[in-house]
>>> print(open('structure31.pdb').read())   # PDB, C-alpha atoms, pLDDT in the B column
ATOM      1  CA  MET N   1       0.000   0.000   0.000  1.00 87.00           C
ATOM      2  CA  LYS N   2       1.334   3.438  -0.909  1.00 91.00           C
ATOM      3  CA  PRO N   3       1.769   5.970   1.901  1.00 95.00           C
ATOM      4  CA  VAL N   4      -0.847   8.729   1.929  1.00 97.00           C
ATOM      5  CA  THR N   5      -0.093  12.050   3.582  1.00 97.00           C
ATOM      6  CA  GLN N   6      -1.990  14.414   1.294  1.00 98.00           C
ATOM      7  CA  VAL N   7      -4.591  14.020  -1.444  1.00 98.00           C
ATOM      8  CA  SER N   8      -5.002  17.098  -3.603  1.00 98.00           C
ATOM      9  CA  GLY N   9      -6.695  17.851  -6.902  1.00 98.00           C
ATOM     10  CA  ARG N  10     -10.082  18.105  -8.503  1.00 98.00           C
ATOM     11  CA  ALA N  11     -12.957  16.401  -6.742  1.00 98.00           C
ATOM     12  CA  TYR N  12     -16.179  14.885  -8.012  1.00 98.00           C
ATOM     13  CA  PRO N  13     -18.809  17.275  -6.547  1.00 98.00           C
ATOM     14  CA  TRP N  14     -21.470  14.586  -6.265  1.00 97.00           C
ATOM     15  CA  GLY N  15     -23.034  14.819  -2.823  1.00 97.00           C
ATOM     16  CA  ALA N  16     -25.501  11.982  -3.391  1.00 97.00           C
ATOM     17  CA  LYS N  17     -26.850  10.308  -0.229  1.00 97.00           C
ATOM     18  CA  ASN N  18     -27.307   6.637   0.687  1.00 98.00           C
ATOM     19  CA  ILE N  19     -25.067   5.331  -2.092  1.00 98.00           C
ATOM     20  CA  ASP N  20     -24.769   1.597  -1.572  1.00 97.00           C
ATOM     21  CA  THR N  21     -21.990  -0.707  -2.708  1.00 97.00           C
ATOM     22  CA  ASP N  22     -24.097  -2.045  -5.583  1.00 97.00           C
ATOM     23  CA  VAL N  23     -24.122   1.456  -7.049  1.00 97.00           C
ATOM     24  CA  ILE N  24     -20.384   1.785  -6.478  1.00 98.00           C
ATOM     25  CA  ILE N  25     -19.711  -1.549  -8.228  1.00 97.00           C
ATOM     26  CA  PRO N  26     -22.591  -3.682  -9.584  1.00 96.00           C
ATOM     27  CA  ALA N  27     -22.774  -7.355  -8.569  1.00 94.00           C
ATOM     28  CA  HIS N  28     -21.914  -8.745 -12.001  1.00 93.00           C
ATOM     29  CA  TRP N  29     -18.419  -7.263 -11.635  1.00 94.00           C
ATOM     30  CA  LEU N  30     -17.731  -9.405  -8.570  1.00 90.00           C
ATOM     31  CA  LYS N  31     -16.737 -12.420 -10.673  1.00 87.00           C
ATOM     32  CA  THR N  32     -13.271 -11.017 -11.223  1.00 79.00           C
ATOM     33  CA  VAL N  33     -10.343 -12.364  -9.201  1.00 75.00           C
ATOM     34  CA  THR N  34      -8.215  -9.252  -9.667  1.00 81.00           C
ATOM     35  CA  ARG N  35      -8.609  -5.644  -8.600  1.00 86.00           C
ATOM     36  CA  GLU N  36      -7.367  -4.277 -11.896  1.00 89.00           C
ATOM     37  CA  GLY N  37     -10.003  -3.005 -14.277  1.00 92.00           C
ATOM     38  CA  LEU N  38     -12.760  -2.607 -11.694  1.00 95.00           C
ATOM     39  CA  GLY N  39     -12.633   1.149 -12.189  1.00 96.00           C
ATOM     40  CA  LYS N  40     -14.389   0.611 -15.519  1.00 94.00           C
ATOM     41  CA  GLY N  41     -17.401  -0.767 -13.678  1.00 96.00           C
ATOM     42  CA  ALA N  42     -17.450   1.849 -10.926  1.00 97.00           C
ATOM     43  CA  PHE N  43     -20.773   3.725 -10.830  1.00 98.00           C
ATOM     44  CA  GLU N  44     -21.873   1.886 -13.977  1.00 97.00           C
ATOM     45  CA  THR N  45     -25.565   2.690 -13.521  1.00 96.00           C
ATOM     46  CA  VAL N  46     -24.793   6.362 -12.887  1.00 97.00           C
ATOM     47  CA  ARG N  47     -22.536   6.498 -15.930  1.00 97.00           C
ATOM     48  CA  ALA N  48     -25.372   5.156 -18.065  1.00 97.00           C
ATOM     49  CA  GLU N  49     -27.084   8.521 -17.613  1.00 96.00           C
ATOM     50  CA  PRO N  50     -26.221  11.266 -20.131  1.00 95.00           C
ATOM     51  CA  GLY N  51     -24.127  14.086 -18.710  1.00 94.00           C
ATOM     52  CA  ASN N  52     -23.195  12.166 -15.565  1.00 97.00           C
ATOM     53  CA  ILE N  53     -20.506  13.599 -13.322  1.00 97.00           C
ATOM     54  CA  PHE N  54     -18.112  10.646 -13.610  1.00 97.00           C
ATOM     55  CA  ASP N  55     -17.679  11.060 -17.352  1.00 96.00           C
ATOM     56  CA  ASP N  56     -17.432  14.839 -17.205  1.00 97.00           C
ATOM     57  CA  PRO N  57     -13.975  15.755 -18.600  1.00 96.00           C
ATOM     58  CA  ARG N  58     -13.622  18.516 -16.002  1.00 96.00           C
ATOM     59  CA  TYR N  59     -13.209  15.866 -13.303  1.00 97.00           C
ATOM     60  CA  ALA N  60     -11.277  13.233 -15.245  1.00 95.00           C
ATOM     61  CA  GLY N  61      -8.831  11.495 -12.921  1.00 95.00           C
ATOM     62  CA  ALA N  62     -10.062  13.353  -9.845  1.00 98.00           C
ATOM     63  CA  PRO N  63      -8.523  11.798  -6.694  1.00 98.00           C
ATOM     64  CA  VAL N  64     -11.281  13.013  -4.360  1.00 98.00           C
ATOM     65  CA  LEU N  65     -14.978  12.118  -4.248  1.00 98.00           C
ATOM     66  CA  ILE N  66     -17.425  14.280  -2.308  1.00 98.00           C
ATOM     67  CA  ALA N  67     -20.472  12.232  -1.383  1.00 98.00           C
ATOM     68  CA  GLY N  68     -23.561  12.450   0.797  1.00 98.00           C
ATOM     69  CA  ASP N  69     -24.625  10.858   4.050  1.00 98.00           C
ATOM     70  CA  ASN N  70     -24.342   7.069   4.568  1.00 98.00           C
ATOM     71  CA  PHE N  71     -21.894   6.442   1.730  1.00 98.00           C
ATOM     72  CA  GLY N  72     -21.009   2.791   1.123  1.00 98.00           C
ATOM     73  CA  CYS N  73     -24.057   1.242   2.756  1.00 97.00           C
ATOM     74  CA  GLY N  74     -25.447  -2.117   1.629  1.00 94.00           C
ATOM     75  CA  SER N  75     -23.323  -5.220   1.151  1.00 91.00           C
ATOM     76  CA  SER N  76     -19.859  -5.724   2.581  1.00 92.00           C
ATOM     77  CA  ARG N  77     -18.148  -6.256  -0.783  1.00 93.00           C
ATOM     78  CA  GLU N  78     -14.545  -5.050  -0.695  1.00 94.00           C
ATOM     79  CA  HIS N  79     -14.781  -4.717  -4.476  1.00 95.00           C
ATOM     80  CA  ALA N  80     -16.358  -1.293  -3.849  1.00 97.00           C
ATOM     81  CA  ALA N  81     -13.110   0.017  -2.382  1.00 97.00           C
ATOM     82  CA  TRP N  82     -11.117  -1.763  -5.107  1.00 96.00           C
ATOM     83  CA  ALA N  83     -13.209  -0.080  -7.799  1.00 97.00           C
ATOM     84  CA  LEU N  84     -12.758   3.385  -6.294  1.00 98.00           C
ATOM     85  CA  ALA N  85      -9.005   2.889  -5.989  1.00 97.00           C
ATOM     86  CA  ASP N  86      -8.781   1.588  -9.552  1.00 97.00           C
ATOM     87  CA  MET N  87     -10.497   4.703 -10.879  1.00 96.00           C
ATOM     88  CA  GLY N  88      -7.972   6.844  -9.002  1.00 97.00           C
ATOM     89  CA  ILE N  89      -9.946   7.941  -5.957  1.00 98.00           C
ATOM     90  CA  ALA N  90      -7.730   8.237  -2.875  1.00 98.00           C
ATOM     91  CA  ALA N  91     -10.095  10.131  -0.551  1.00 98.00           C
ATOM     92  CA  VAL N  92     -13.859  10.266  -0.037  1.00 98.00           C
ATOM     93  CA  ILE N  93     -15.489  13.086   1.907  1.00 98.00           C
ATOM     94  CA  ALA N  94     -18.985  12.608   3.327  1.00 98.00           C
ATOM     95  CA  PRO N  95     -21.072  13.322   6.462  1.00 98.00           C
ATOM     96  CA  SER N  96     -21.038   9.601   7.327  1.00 98.00           C
ATOM     97  CA  PHE N  97     -19.960   6.204   6.016  1.00 98.00           C
ATOM     98  CA  SER N  98     -21.012   2.609   6.442  1.00 97.00           C
ATOM     99  CA  ASP N  99     -18.663   1.062   9.017  1.00 96.00           C
ATOM    100  CA  ILE N 100     -17.817  -1.916   6.785  1.00 97.00           C
ATOM    101  CA  PHE N 101     -17.114   0.273   3.765  1.00 97.00           C
ATOM    102  CA  SER N 102     -14.959   2.586   5.865  1.00 97.00           C
ATOM    103  CA  GLY N 103     -12.923  -0.408   7.035  1.00 96.00           C
ATOM    104  CA  ASN N 104     -12.516  -1.740   3.508  1.00 96.00           C
ATOM    105  CA  ALA N 105     -11.497   1.693   2.253  1.00 97.00           C
ATOM    106  CA  PHE N 106      -8.844   1.953   4.968  1.00 96.00           C
ATOM    107  CA  LYS N 107      -7.438  -1.482   4.076  1.00 94.00           C
ATOM    108  CA  ASN N 108      -7.022  -0.274   0.512  1.00 95.00           C
ATOM    109  CA  GLY N 109      -5.388   3.064   1.268  1.00 96.00           C
ATOM    110  CA  ILE N 110      -8.448   5.259   0.761  1.00 98.00           C
ATOM    111  CA  VAL N 111      -8.961   8.082   3.259  1.00 98.00           C
ATOM    112  CA  THR N 112     -12.550   8.450   4.488  1.00 98.00           C
ATOM    113  CA  VAL N 113     -13.137  11.982   5.783  1.00 98.00           C
ATOM    114  CA  VAL N 114     -16.216  12.714   7.890  1.00 98.00           C
ATOM    115  CA  LEU N 115     -17.342  16.344   7.863  1.00 98.00           C
ATOM    116  CA  PRO N 116     -20.602  18.106   8.803  1.00 98.00           C
ATOM    117  CA  GLN N 117     -23.188  18.515   6.066  1.00 98.00           C
ATOM    118  CA  ASP N 118     -22.616  22.257   5.772  1.00 98.00           C
ATOM    119  CA  ALA N 119     -18.894  21.700   5.160  1.00 98.00           C
ATOM    120  CA  VAL N 120     -19.675  19.025   2.564  1.00 98.00           C
ATOM    121  CA  ASP N 121     -22.127  21.387   0.850  1.00 98.00           C
ATOM    122  CA  ARG N 122     -19.429  24.060   0.694  1.00 98.00           C
ATOM    123  CA  LEU N 123     -16.896  21.625  -0.761  1.00 98.00           C
ATOM    124  CA  VAL N 124     -19.377  20.495  -3.405  1.00 98.00           C
ATOM    125  CA  GLU N 125     -19.677  24.107  -4.577  1.00 98.00           C
ATOM    126  CA  VAL N 126     -15.922  24.716  -4.540  1.00 98.00           C
ATOM    127  CA  ALA N 127     -15.182  21.462  -6.360  1.00 98.00           C
ATOM    128  CA  LYS N 128     -17.235  22.539  -9.344  1.00 97.00           C
ATOM    129  CA  THR N 129     -14.470  24.960 -10.283  1.00 97.00           C
ATOM    130  CA  ASP N 130     -11.449  24.429  -8.037  1.00 98.00           C
ATOM    131  CA  SER N 131      -9.328  21.833  -6.282  1.00 98.00           C
ATOM    132  CA  VAL N 132      -9.672  20.367  -2.798  1.00 98.00           C
ATOM    133  CA  SER N 133      -6.885  19.162  -0.499  1.00 98.00           C
ATOM    134  CA  VAL N 134      -7.064  16.501   2.217  1.00 98.00           C
ATOM    135  CA  ASP N 135      -4.056  16.637   4.558  1.00 98.00           C
ATOM    136  CA  LEU N 136      -3.402  13.854   7.068  1.00 98.00           C
ATOM    137  CA  GLU N 137      -0.525  15.779   8.641  1.00 97.00           C
ATOM    138  CA  THR N 138      -2.759  18.646   9.745  1.00 98.00           C
ATOM    139  CA  MET N 139      -6.019  16.653   9.666  1.00 98.00           C
ATOM    140  CA  THR N 140      -7.723  19.312   7.583  1.00 98.00           C
ATOM    141  CA  VAL N 141      -9.536  19.718   4.280  1.00 98.00           C
ATOM    142  CA  THR N 142      -8.688  22.999   2.577  1.00 98.00           C
ATOM    143  CA  THR N 143      -9.572  24.911  -0.590  1.00 98.00           C
ATOM    144  CA  PRO N 144      -7.962  27.801  -2.516  1.00 98.00           C
ATOM    145  CA  PHE N 145     -10.553  30.097  -0.887  1.00 98.00           C
ATOM    146  CA  GLN N 146      -9.116  29.717   2.628  1.00 96.00           C
ATOM    147  CA  ASP N 147     -11.740  27.177   3.651  1.00 98.00           C
ATOM    148  CA  ARG N 148     -10.307  24.979   6.383  1.00 98.00           C
ATOM    149  CA  PHE N 149     -12.288  22.066   7.806  1.00 98.00           C
ATOM    150  CA  ALA N 150     -10.809  19.929  10.583  1.00 98.00           C
ATOM    151  CA  PHE N 151     -11.651  16.235  10.698  1.00 98.00           C
ATOM    152  CA  GLU N 152     -10.892  13.315  12.972  1.00 98.00           C
ATOM    153  CA  LEU N 153      -9.465   9.913  12.130  1.00 97.00           C
ATOM    154  CA  ASP N 154      -8.618   6.920  14.271  1.00 96.00           C
ATOM    155  CA  PRO N 155      -4.924   7.398  15.214  1.00 96.00           C
ATOM    156  CA  PHE N 156      -4.014   3.829  14.263  1.00 95.00           C
ATOM    157  CA  ARG N 157      -5.633   4.152  10.837  1.00 96.00           C
ATOM    158  CA  ARG N 158      -3.981   7.529  10.312  1.00 97.00           C
ATOM    159  CA  GLN N 159      -0.567   6.071  11.089  1.00 96.00           C
ATOM    160  CA  CYS N 160      -1.117   3.084   8.786  1.00 95.00           C
ATOM    161  CA  LEU N 161      -2.254   5.309   5.929  1.00 97.00           C
ATOM    162  CA  MET N 162       0.663   7.700   6.320  1.00 97.00           C
ATOM    163  CA  GLU N 163       3.189   4.864   6.507  1.00 95.00           C
ATOM    164  CA  GLY N 164       1.553   2.768   3.789  1.00 94.00           C
ATOM    165  CA  LEU N 165       0.961  -0.192   6.087  1.00 91.00           C
ATOM    166  CA  ASP N 166      -1.739  -2.692   5.197  1.00 74.00           C
ATOM    167  CA  GLU N 167      -2.309  -5.936   7.141  1.00 60.00           C
ATOM    168  CA  VAL N 168       0.640  -7.619   5.436  1.00 56.00           C
ATOM    169  CA  GLY N 169       2.857  -4.608   6.036  1.00 57.00           C
ATOM    170  CA  LEU N 170       1.908  -4.503   9.724  1.00 56.00           C
ATOM    171  CA  THR N 171       2.851  -8.178  10.071  1.00 57.00           C
ATOM    172  CA  LEU N 172       6.176  -7.715   8.296  1.00 56.00           C
ATOM    173  CA  ALA N 173       6.966  -4.732  10.505  1.00 59.00           C
ATOM    174  CA  ARG N 174       6.837  -7.086  13.485  1.00 63.00           C
ATOM    175  CA  ASP N 175       8.986  -9.747  11.839  1.00 68.00           C
ATOM    176  CA  ALA N 176      11.744  -9.573  14.479  1.00 75.00           C
ATOM    177  CA  ALA N 177       9.283  -9.920  17.359  1.00 74.00           C
ATOM    178  CA  ILE N 178       7.452 -12.783  15.644  1.00 72.00           C
ATOM    179  CA  SER N 179      10.710 -14.622  14.894  1.00 69.00           C
ATOM    180  CA  GLY N 180      11.864 -14.135  18.480  1.00 70.00           C
ATOM    181  CA  TYR N 181       8.615 -15.528  19.842  1.00 69.00           C
ATOM    182  CA  GLU N 182       8.737 -18.555  17.536  1.00 69.00           C
ATOM    183  CA  ALA N 183      12.349 -19.246  18.555  1.00 67.00           C
ATOM    184  CA  GLY N 184      11.347 -19.129  22.232  1.00 70.00           C
ATOM    185  CA  VAL N 185       8.436 -21.483  21.676  1.00 68.00           C
ATOM    186  CA  ALA N 186      10.647 -23.931  19.778  1.00 70.00           C
ATOM    187  CA  HIS N 187      13.138 -23.923  22.672  1.00 65.00           C
ATOM    188  CA  ASP N 188      10.757 -24.011  25.654  1.00 77.00           C
ATOM    189  CA  ARG N 189       7.868 -25.993  24.163  1.00 75.00           C
ATOM    190  CA  PRO N 190       9.207 -27.979  21.228  1.00 76.00           C
ATOM    191  CA  PHE N 191       6.004 -30.040  21.038  1.00 70.00           C
ATOM    192  CA  MET N 192       4.173 -26.877  19.905  1.00 66.00           C
ATOM    193  CA  ALA N 193       6.660 -26.468  17.092  1.00 60.00           C
ATOM    194  CA  GLY N 194       6.034 -30.030  15.983  1.00 59.00           C
ATOM    195  CA  GLU N 195       9.500 -31.348  16.821  1.00 50.00           C
ATOM    196  CA  ARG N 196       8.335 -34.177  19.080  1.00 45.00           C
ATOM    197  CA  PHE N 197       5.651 -35.177  16.621  1.00 43.00           C
ATOM    198  CA  HIS N 198       8.140 -35.408  13.782  1.00 49.00           C
ATOM    199  CA  ALA N 199      10.637 -37.304  15.962  1.00 47.00           C
ATOM    200  CA  SER N 200       8.086 -39.909  17.009  1.00 45.00           C
ATOM    201  CA  ALA N 201       6.778 -40.239  13.481  1.00 47.00           C
ATOM    202  CA  ALA N 202      10.295 -40.911  12.231  1.00 49.00           C
ATOM    203  CA  ALA N 203      10.795 -43.605  14.904  1.00 46.00           C
TER     204      ALA N 203
END
>>> encode(input="structure31.pdb", output="C-alpha cells")
Amino acid sequence: MKPVTQVSGRAYPWGAKNIDTDVIIPAHWLKTVTREGLGKGAFETVRAEPGNIFDDPRYAGAPVLIAGDNFGCGSSREHAAWALADMGIAAVIAPSFSDIFSGNAFKNGIVTVVLPQDAVDRLVEVAKTDSVSVDLETMTVTTPFQDRFAFELDPFRRQCLMEGLDEVGLTLARDAAISGYEAGVAHDRPFMAGERFHASAAA
C-alpha cells in the first residue's frame, strides 16, 4: 500500500446520499479475481445517464470524491473500495460512512473523511471549479478560498495510511518480534513447534 499524507486535486462534486456498494460496483463485476479493471465498472448505472458527473472531462482522474450521508451502505463487498481505488480515488469526503465500507477503504489506502453537512455542501460548490486538499498531517480539508475544515481519524488508521501499512505490512513490521517468539516457543515448548511429533513419526 502506498503511503498517503496528502490528497489534492479536482474532486467529483457529487453529494448523493445513501449510495450503496451495488451502485459503487454492480454485482456482475464481482466475478473477477483481480482488482485491476474494476474502475471501468465503478458507478456503472450512474454512468449510463447522459451528462453524468463521472464522465465529465472537467473531473477526469479526480482523486477526491465528495459524497452524501451514509456512503457505502449495503453489502460488505470489498470490491467497492477496489473499484474506487482503480479509478484513481484516494479520498472520499462525506457526512457519514457505512462502518464496513470505511474499514474496507482503509485497508485499501483510501482516506474516508467525515465532515458536517454544511462543510460538505461548501466543498461540493468549490469542487465545481477548483481543487480540494485533504491533509493527514494537519487533519484538515482545505480549498484555494481559505476554507479549512478539521476532521478526525482513528490514530491507528492515520498512522497506517501515512506509513503505507496494510495488514501484510503490519505483520512484516513485526517480523523480528514474531521470529523471536517462535524461537522461544521452539526452545521451551518444542512439542508446539512439531518437533516431538516429527521425531516420534520418524521412529
>>> residues_around(input="structure31.pdb", residues="Arg148 in chain N", least_positions_apart="6", cutoff="12 Å", atoms="only C-alpha atoms", output="list in words")
Leu115, Ala119, Val120, Arg122, Leu123, Val132, Ser133, Val134, Asp135, Thr138, Met139, Thr140, Val141 and Thr142 of chain N
>>> residues_around(input="structure31.pdb", residues="range 154-168 of chain N", least_positions_apart="6", cutoff="8 Å", atoms="all atoms listed in the file", output="ChimeraX atom specification")
/N:1-5,106-109,111,136
>>> closest_residue(input="structure31.pdb", among="N:His28, N:Lys128, N:Arg35, N:Lys40", to="Tyr12 in chain N", atoms="all atoms listed in the file")
N:Lys128
>>> resolve_selection(input="structure31.pdb", expression="the PyMOL selection byres ((chain N and resi 69) around 12)", output="number ranges by chain")
N: 14-20, 66-68, 70-73, 92-98, 113-118, 120-121
>>> residues_around(input="structure31.pdb", residues="Thr21 in chain N", least_positions_apart="3", cutoff="10 Å", atoms="all atoms listed in the file", output="list in words")
Asn18, Ile24, Ile25, Pro26, Ala27, Ala42, Phe43, Phe71, Gly72, Cys73, Gly74, Ser75, Ser76, Arg77, Glu78, His79, Ala80, Ala81, Ser98 and Phe101 of chain N
>>> closest_residue(input="structure31.pdb", among="N:Val7, N:Ala176, N:Ala83, N:Ala48", to="Ala62 in chain N", atoms="all atoms listed in the file")
N:Val7
>>> axis_aligned_box(input="structure31.pdb", around="range 128-145 of chain N", padding_each_side="3 Å", output="lines of an AutoDock Vina configuration file")
center_x = -8.9
center_y = 22.0
center_z = -0.3
size_x = 22.7
size_y = 22.2
size_z = 26.0
>>> atom_distance(input="structure31.pdb", atom1="CA of Pro63 in chain N", atom2="CA of Met87 in chain N")
8.5 Å
>>> closest_residue(input="structure31.pdb", among="N:Glu152, N:Asp86, N:Arg189, N:Gln6", to="Glu137 in chain N", atoms="only C-alpha atoms")
N:Gln6
>>> closest_atom_pairs(input="structure31.pdb", of="range 69-112 of chain N", to="range 51-55 of chain N", cutoff="12 Å", atoms="only C-alpha atoms", output="tab-separated table")
residue	atom	partner	partner_atom	distance
N:Leu84	CA	N:Phe54	CA	11.6
N:Met87	CA	N:Phe54	CA	10.0
N:Gly88	CA	N:Phe54	CA	11.8
N:Ile89	CA	N:Phe54	CA	11.5
>>> atom_distance(input="structure31.pdb", atom1="CA of Pro13 in chain N", atom2="CA of Val126 in chain N")
8.2 Å
>>> atom_distance(input="structure31.pdb", atom1="CA of Ala150 in chain N", atom2="CA of Ser131 in chain N")
17.0 Å
>>> decode(input="structure31.pdb", residues="range 75-173 of chain N", atoms="C-alpha atoms", output="short mmCIF file (atom, residue, chain, number, x, y, z; two decimals), in the first residue's frame")
data_model
loop_
_atom_site.label_atom_id
_atom_site.label_comp_id
_atom_site.auth_asym_id
_atom_site.auth_seq_id
_atom_site.Cartn_x
_atom_site.Cartn_y
_atom_site.Cartn_z
CA SER N 75 -23.32 -5.22 1.15
CA SER N 76 -19.86 -5.72 2.58
CA ARG N 77 -18.15 -6.26 -0.78
CA GLU N 78 -14.55 -5.05 -0.69
CA HIS N 79 -14.78 -4.72 -4.48
CA ALA N 80 -16.36 -1.29 -3.85
CA ALA N 81 -13.11 0.02 -2.38
CA TRP N 82 -11.12 -1.76 -5.11
CA ALA N 83 -13.21 -0.08 -7.80
CA LEU N 84 -12.76 3.38 -6.29
CA ALA N 85 -9.01 2.89 -5.99
CA ASP N 86 -8.78 1.59 -9.55
CA MET N 87 -10.50 4.70 -10.88
CA GLY N 88 -7.97 6.84 -9.00
CA ILE N 89 -9.95 7.94 -5.96
CA ALA N 90 -7.73 8.24 -2.88
CA ALA N 91 -10.10 10.13 -0.55
CA VAL N 92 -13.86 10.27 -0.04
CA ILE N 93 -15.49 13.09 1.91
CA ALA N 94 -18.99 12.61 3.33
CA PRO N 95 -21.07 13.32 6.46
CA SER N 96 -21.04 9.60 7.33
CA PHE N 97 -19.96 6.20 6.02
CA SER N 98 -21.01 2.61 6.44
CA ASP N 99 -18.66 1.06 9.02
CA ILE N 100 -17.82 -1.92 6.78
CA PHE N 101 -17.11 0.27 3.76
CA SER N 102 -14.96 2.59 5.86
CA GLY N 103 -12.92 -0.41 7.03
CA ASN N 104 -12.52 -1.74 3.51
CA ALA N 105 -11.50 1.69 2.25
CA PHE N 106 -8.84 1.95 4.97
CA LYS N 107 -7.44 -1.48 4.08
CA ASN N 108 -7.02 -0.27 0.51
CA GLY N 109 -5.39 3.06 1.27
CA ILE N 110 -8.45 5.26 0.76
CA VAL N 111 -8.96 8.08 3.26
CA THR N 112 -12.55 8.45 4.49
CA VAL N 113 -13.14 11.98 5.78
CA VAL N 114 -16.22 12.71 7.89
CA LEU N 115 -17.34 16.34 7.86
CA PRO N 116 -20.60 18.11 8.80
CA GLN N 117 -23.19 18.51 6.07
CA ASP N 118 -22.62 22.26 5.77
CA ALA N 119 -18.89 21.70 5.16
CA VAL N 120 -19.67 19.03 2.56
CA ASP N 121 -22.13 21.39 0.85
CA ARG N 122 -19.43 24.06 0.69
CA LEU N 123 -16.90 21.62 -0.76
CA VAL N 124 -19.38 20.50 -3.41
CA GLU N 125 -19.68 24.11 -4.58
CA VAL N 126 -15.92 24.72 -4.54
CA ALA N 127 -15.18 21.46 -6.36
CA LYS N 128 -17.23 22.54 -9.34
CA THR N 129 -14.47 24.96 -10.28
CA ASP N 130 -11.45 24.43 -8.04
CA SER N 131 -9.33 21.83 -6.28
CA VAL N 132 -9.67 20.37 -2.80
CA SER N 133 -6.89 19.16 -0.50
CA VAL N 134 -7.06 16.50 2.22
CA ASP N 135 -4.06 16.64 4.56
CA LEU N 136 -3.40 13.85 7.07
CA GLU N 137 -0.53 15.78 8.64
CA THR N 138 -2.76 18.65 9.75
CA MET N 139 -6.02 16.65 9.67
CA THR N 140 -7.72 19.31 7.58
CA VAL N 141 -9.54 19.72 4.28
CA THR N 142 -8.69 23.00 2.58
CA THR N 143 -9.57 24.91 -0.59
CA PRO N 144 -7.96 27.80 -2.52
CA PHE N 145 -10.55 30.10 -0.89
CA GLN N 146 -9.12 29.72 2.63
CA ASP N 147 -11.74 27.18 3.65
CA ARG N 148 -10.31 24.98 6.38
CA PHE N 149 -12.29 22.07 7.81
CA ALA N 150 -10.81 19.93 10.58
CA PHE N 151 -11.65 16.23 10.70
CA GLU N 152 -10.89 13.32 12.97
CA LEU N 153 -9.47 9.91 12.13
CA ASP N 154 -8.62 6.92 14.27
CA PRO N 155 -4.92 7.40 15.21
CA PHE N 156 -4.01 3.83 14.26
CA ARG N 157 -5.63 4.15 10.84
CA ARG N 158 -3.98 7.53 10.31
CA GLN N 159 -0.57 6.07 11.09
CA CYS N 160 -1.12 3.08 8.79
CA LEU N 161 -2.25 5.31 5.93
CA MET N 162 0.66 7.70 6.32
CA GLU N 163 3.19 4.86 6.51
CA GLY N 164 1.55 2.77 3.79
CA LEU N 165 0.96 -0.19 6.09
CA ASP N 166 -1.74 -2.69 5.20
CA GLU N 167 -2.31 -5.94 7.14
CA VAL N 168 0.64 -7.62 5.44
CA GLY N 169 2.86 -4.61 6.04
CA LEU N 170 1.91 -4.50 9.72
CA THR N 171 2.85 -8.18 10.07
CA LEU N 172 6.18 -7.71 8.30
CA ALA N 173 6.97 -4.73 10.50
#
